[in-house]
Each structure stands twice: as structure tokens, then as C-alpha cells.
Amino acid sequence: EILARWGLLGTLAATGAPPICRHMTFDVGPFALRGCIPDANDGMGGFCPRRTVLDKLLVDAAAEAGVEVREGFTVDELLVTGDVVVGIRGHGRNGRPVEEHARMVIGADGVNSFVARATRAPEYDVRPVAACGYYSYFSGVRQDDIELYVRDHHAFGGAPTNQGLHLVMVNWPAGDFQAVRADTESHVWRALEPAPDFGARVRDGRREEKWYGTSGVPGFFRKPYGRGWALVGDASYNRDPITAQGISDAFIEAEMLATALGTVWTGAASFEDRMAAHELARNERVRPMYEFTGELATLEPPPPEMRALFRALHGNRRGTDAFLSAITGAIPLPDFLSDENVGRIMAAARYVES
């Protein structure tokens with residue numbers, strides 16, 4: 001939806017990424033919840049593009065909008081006058097040093113953000129690494145939408161993406177990383193065994209790339225601004241990727257930050273007041289999913305109340321659609337998990353049973 005506002009949704013669709021979120025599967029073991037995100041992008045659905053495709057699309061669009069794009073450029077240090085960041089010093093591929101000055105330096109440079117380190121951006125509500133993961137891309141997999149499988153102590157699934165390929169990923173507890181890294185292939189196939197149909201369809205396909213792995217990332221919030229600098233995306237806030245919303249979060253926060261800075265630069269608010277409000281709004285928006293993701297990433301069996309909710313959702317298509325919308329960020333998670341809404345779902349299930 002944000003790409004649509006930026007005029008880029010049609011461009012993304014034209015890359016050949018197949019639409020998803022129309023026939024989703026969330027398999028909890030004894031049964032699977034199947035549904036969709038209703039009216040996603042006016043019925044067009046969502047997308048799971050390759051980063052190689054999405055990144056180029058965004059860079060090209062930025063250049064077309066008038067941004068000066070420099071690829072292969074390394075930032076070596078921030079330029080500071082007093083306690084205000086006023087620019088950067090770095091070098092291009094030729095190694096020649098370059099200085100640039102700016103009203104604002106924005107670090108959209110990921111979990112290990114150079115800008116965050118250089119400004120000593122404070123971190124808070126930090127969560128330790130919970131899960132590790134491996135993923136790759138397969139051709140020839142019979143799959144038309146996202147499929148997610150949650151089992152005790154691991155989770156896995158896949159989704160169709162560009163060029164006829166299918167993303168296949170598996171998550172384990174972080175403590176298993178060294179063992180998985182030593183023999184990734186056998187660990188993956190063993191992990192897929194509790195979902196025989198999905199595993200068979202993946203085996204019928206062909207892995208086209210190597211297994212890409214991560215030992216995991218911590219969860220954290222960072223103060224996303226200071227005098228002359230700001231952070232956005234994973235540099236600003238991060239959670240375990242198991243709920244797969246990092247790109248969406250980055251897009252949302254980019255819009256929020258642009259709006260905040262526009263308000264400051266037109267003189268409608270002071271920098272400190274407006275950016276403090278920006279940080280508060282970011283935290284209020286993402287905290288419920290941050291907590292939910294932290295629990296999911298432990299890969300422990302769901303607590304009894306969550307198992308009861310899954311049972312109540314089984315066969316309830318409207319409730320399942322709302323659940324899938326909530327865990328993908330399409331609707332606010334607290335709205336779905338409110339006592340009133342969960343009570344309605346449980347009552348409906350009891351009525352059906354009776």
C-alpha cells in the first residue's frame with residue numbers, strides 16, 4: 001500500500017513477483033488455518049519480491065525523483081561541529097576522499113548501523129538473539145501463496161517470488177546454529193518432515209542457490225534521532241525476522257520520518273518536540289508486534305490460551321482472515337487480540353460445537 005502511494009506498486013507487479021496473501025496457510029500441527037488478507041491492495045494481493053529486485057526498483061525510483069545516487073560508496077566518518085552532525089566523509093570506488101555537508105544525515109544502514117555507532121544512539125528494551133535461520137530459493141515447487149508451519153522448537157515455510165522461484169526458509173533456536181551450519185541440508189530436510197506434503201513438494205523442486213544463513217539478530221529500540229542525524233528501518237528498531245515485516249516497517253517509518261522532518265523544516269514545530277513525538281509514535285505502533293515476535297521467536301510450544309484460540313479459529317474463515325491480517329501487520333495486532341474480539345471468536349466456536 002505504501003508502494004502504491006509512492007507510485008511504485010505497478011512497477012513491482014511488473015517485475016513478475018506473483019501476488020500472495022490470497023490463499024495463505026498457517027499450519028499449527030494438528031490442523032492448518034487457511035485464509036487471506038481481504039482487499040490487500042484493492043484485491044491485487046501482497047508481494048514477496050527478491051531483495052535484488054526490490055532494491056533496484058527503489059534506487060531507480062529515487063534517481064528518477066532527482067536523488068543523486070552513488071553506488072559503491074563507503075562512509076568513513078561523520079562530520080561534527082560542536083555536537084551537531086553536519087555531514088559525512090567517505091570514499092568511492094576510486095578511493096578518493098569525499099566530503100558532503102547536509103542539514104540531516106540519515107542512517108538507513110541496518111542493524112549494524114554506522115550512523116548509530118558513530119552517534120552512540122542509545123538502545124533500550126533489548127532482547128537477546130532467539131532464533132537462527134537458513135533460507136534458499138527453489139524452482140519447480142507447487143505453491144501459489146505463503147505457507148507457514150509452526151512446530152515445537154522450529155518453524156518453516158515458503159512463498160513464491162520472482163523468476164518462478166520459491167523462497168524456502170527454516171528457523172531453529174539460536175543455540176542450534178553451529179550444528180545446523182555444519183550440515184545445513186540434512187537439518188533442513190529433517191525440519192520439514194512434520195509437514196510431509198510441503199516437504200514432498202519442496203523435494204520435487206530444485207534448489208537454485210546456496211543456503212543463506214544467519215545466527216540471528218537481537219531485538220532493540222534505538223533513539224532514532226539527534227542533532228543533525230536520524231535513523232530509519234533496522235537501524236532504528238529491529239526484531240527477529242521470523243514475522244517478516246522488516247521492509248514494511250522500514251517503509252512506514254520512512255514516511256513517518258519524512259513527515260516529521262517536513263514539519264520541522266517548515267517551522268511548524270521544534271526539532272526536539274517533533275522528533276520526540278516521532279519516536280513515541282514509532283514505539284506505540286510497533287511494540288505489540290515486538291512483544292508477539294519475541295515470544296514466537298523462542299520457538300517454544302504455544303501457551304494453552306493460544307492453542308485454544310487456534311482451535312477456535314479452525315473453521316472460522318472470517319476470524320482466520322483477521323488473524324492472518326494481524327500477524328502480517330495488515331491490521332493492528334492489539335485489535336485482534338483484544339479481550340472483546342477473542343471473546344467473540346471463542347463464543348462462536350462454542351456455539352458451533354453445541
# chains A, B, ... in the order shown; residues from 1 in each chain; ligands from 1

$ residues_around --residues "region 13-24 of chain A" --least-positions-apart "2" --cutoff "9 Å" --atoms "only C-alpha atoms" --output "MDAnalysis selection string"
chainID A and resid 8:11 26 33:38 40 43:50 53 144:148 159:164 324:325

$ select_by_dssp --residues "region 100-194 of chain A" --states "strand (DSSP E)" --output "ChimeraX atom specification"
/A:100-101,105-107,123-127,131-139,147-151,154-160,165-173

$ select_by_dssp --residues "region 51-300 of chain A" --states "helix (DSSP H, G or I)" --output "number ranges by chain"
A: 51-64, 114-119, 162-164, 174-182, 184-192, 196-204, 233-235, 241-243, 246-265, 271-297

$ closest_atom_pairs --of "region 139-231 of chain A" --to "region 294-303 of chain A" --cutoff "10 Å" --atoms "only C-alpha atoms" --output "JSON lines"
{"residue": "A:Val150", "atom": "CA", "partner": "A:Leu299", "partner_atom": "CA", "distance": 8.1}
{"residue": "A:Arg151", "atom": "CA", "partner": "A:Pro301", "partner_atom": "CA", "distance": 7.3}
{"residue": "A:Asp152", "atom": "CA", "partner": "A:Pro301", "partner_atom": "CA", "distance": 5.1}
{"residue": "A:His153", "atom": "CA", "partner": "A:Leu299", "partner_atom": "CA", "distance": 4.6}
{"residue": "A:His154", "atom": "CA", "partner": "A:Leu299", "partner_atom": "CA", "distance": 5.6}
{"residue": "A:Ala155", "atom": "CA", "partner": "A:Leu299", "partner_atom": "CA", "distance": 7.2}
{"residue": "A:Asn171", "atom": "CA", "partner": "A:Leu299", "partner_atom": "CA", "distance": 8.4}
{"residue": "A:Trp172", "atom": "CA", "partner": "A:Leu299", "partner_atom": "CA", "distance": 7.2}
{"residue": "A:Pro173", "atom": "CA", "partner": "A:Leu299", "partner_atom": "CA", "distance": 6.6}
{"residue": "A:Ala174", "atom": "CA", "partner": "A:Thr298", "partner_atom": "CA", "distance": 8.7}
{"residue": "A:Pro218", "atom": "CA", "partner": "A:Gly294", "partner_atom": "CA", "distance": 9.8}
{"residue": "A:Gly219", "atom": "CA", "partner": "A:Gly294", "partner_atom": "CA", "distance": 7.9}

$ closest_residue --among "A:Val105, A:Ile331, A:Ala277, A:Val168" --to "Arg227 (chain A)" --atoms "only C-alpha atoms"
A:Val105

$ residues_around --residues "Thr259 (chain A)" --least-positions-apart "2" --cutoff "12 Å" --atoms "only C-alpha atoms" --output "list in words"
Ile252, Glu253, Ala254, Glu255, Met256, Leu257, Leu261, Gly262, Thr263, Val264, Trp265, Thr266, Ala268, Ala269, Arg274, Met275, Ala277 and His278 of chain A

$ write_last_selection --atoms "C-alpha atoms" --output "PDB file, in the first residue's frame"
ATOM      1  CA  ILE A 252       6.246   3.032   7.234  1.00  0.00           C
ATOM      2  CA  GLU A 253       8.987   4.641   9.306  1.00  0.00           C
ATOM      3  CA  ALA A 254      10.478   6.349   6.242  1.00  0.00           C
ATOM      4  CA  GLU A 255       7.129   8.024   5.605  1.00  0.00           C
ATOM      5  CA  MET A 256       6.812   8.975   9.281  1.00  0.00           C
ATOM      6  CA  LEU A 257      10.329  10.436   9.385  1.00  0.00           C
ATOM      7  CA  LEU A 261      11.253  16.465   9.202  1.00  0.00           C
ATOM      8  CA  GLY A 262       8.964  18.324   6.816  1.00  0.00           C
ATOM      9  CA  THR A 263       7.061  19.694   9.798  1.00  0.00           C
ATOM     10  CA  VAL A 264      10.307  20.832  11.434  1.00  0.00           C
ATOM     11  CA  TRP A 265      11.734  22.439   8.309  1.00  0.00           C
ATOM     12  CA  THR A 266       8.565  24.426   7.619  1.00  0.00           C
ATOM     13  CA  ALA A 268       5.613  24.297  12.370  1.00  0.00           C
ATOM     14  CA  ALA A 269       7.364  22.546  15.288  1.00  0.00           C
ATOM     15  CA  ARG A 274       8.564  16.795  16.722  1.00  0.00           C
ATOM     16  CA  MET A 275      11.208  14.075  16.764  1.00  0.00           C
ATOM     17  CA  ALA A 277       6.737  12.650  19.106  1.00  0.00           C
ATOM     18  CA  HIS A 278       8.030  10.647  16.131  1.00  0.00           C
TER      19      HIS A 278
END

$ closest_residue --among "A:Ile106, A:Leu12, A:Val170, A:Val129" --to "Gly216 (chain A)" --atoms "only C-alpha atoms"
A:Val129

$ atom_distance --atom1 "CA of Ala347 (chain A)" --atom2 "CA of Gly329 (chain A)"
25.0 Å

$ residues_around --residues "region 61-71 of chain A" --least-positions-apart "5" --cutoff "9 Å" --atoms "only C-alpha atoms" --output "JSON, numbers by chain"
{"A": [8, 56, 92, 93]}

$ residues_around --residues "Ile88 (chain A)" --least-positions-apart "3" --cutoff "7 Å" --atoms "only C-alpha atoms" --output "PyMOL selection string"
chain A and resi 75+77-79+99-101

$ write_last_selection --atoms "N, CA and C atoms" --output "JSON list (two decimals), in the first residue's frame"
[["chain", "number", "residue", "atom", "x", "y", "z"],
["A", 75, "VAL", "N", 31.03, 5.23, 3.67],
["A", 75, "VAL", "CA", 31.10, 6.34, 4.62],
["A", 75, "VAL", "C", 32.14, 5.98, 5.69],
["A", 77, "GLU", "N", 33.38, 8.41, 8.13],
["A", 77, "GLU", "CA", 33.13, 9.10, 9.40],
["A", 77, "GLU", "C", 32.07, 10.16, 9.21],
["A", 78, "LEU", "N", 31.47, 10.55, 10.32],
["A", 78, "LEU", "CA", 30.53, 11.66, 10.32],
["A", 78, "LEU", "C", 31.30, 12.95, 10.60],
["A", 79, "LEU", "N", 30.87, 14.03, 9.97],
["A", 79, "LEU", "CA", 31.43, 15.34, 10.24],
["A", 79, "LEU", "C", 30.59, 16.00, 11.34],
["A", 99, "GLU", "N", 33.93, 14.73, 0.89],
["A", 99, "GLU", "CA", 33.15, 15.29, 2.00],
["A", 99, "GLU", "C", 31.84, 15.84, 1.45],
["A", 100, "GLU", "N", 30.77, 15.59, 2.19],
["A", 100, "GLU", "CA", 29.47, 16.17, 1.84],
["A", 100, "GLU", "C", 28.85, 16.75, 3.11],
["A", 101, "HIS", "N", 28.24, 17.92, 2.99],
["A", 101, "HIS", "CA", 27.57, 18.56, 4.12],
["A", 101, "HIS", "C", 26.06, 18.55, 3.90]]

$ residues_around --residues "Glu291 (chain A)" --least-positions-apart "4" --cutoff "12 Å" --atoms "only C-alpha atoms" --output "list in words"
Asp125, Val126, Arg127, Gly219, Phe220, Asn238, Arg239, Asp240, Thr243, Asn283, Glu284, Arg285, Val286, Arg287, Glu295, Leu296, Ala297, Thr298, Ile327, Leu333 and Pro334 of chain A

$ closest_residue --among "A:Ala102, A:Leu280, A:Phe31, A:Ser113" --to "Ala312 (chain A)" --atoms "only C-alpha atoms"
A:Phe31

$ residues_around --residues "Phe336 (chain A)" --least-positions-apart "2" --cutoff "12 Å" --atoms "only C-alpha atoms" --output "PyMOL selection string"
chain A and resi 288-289+309+318-334+338-345
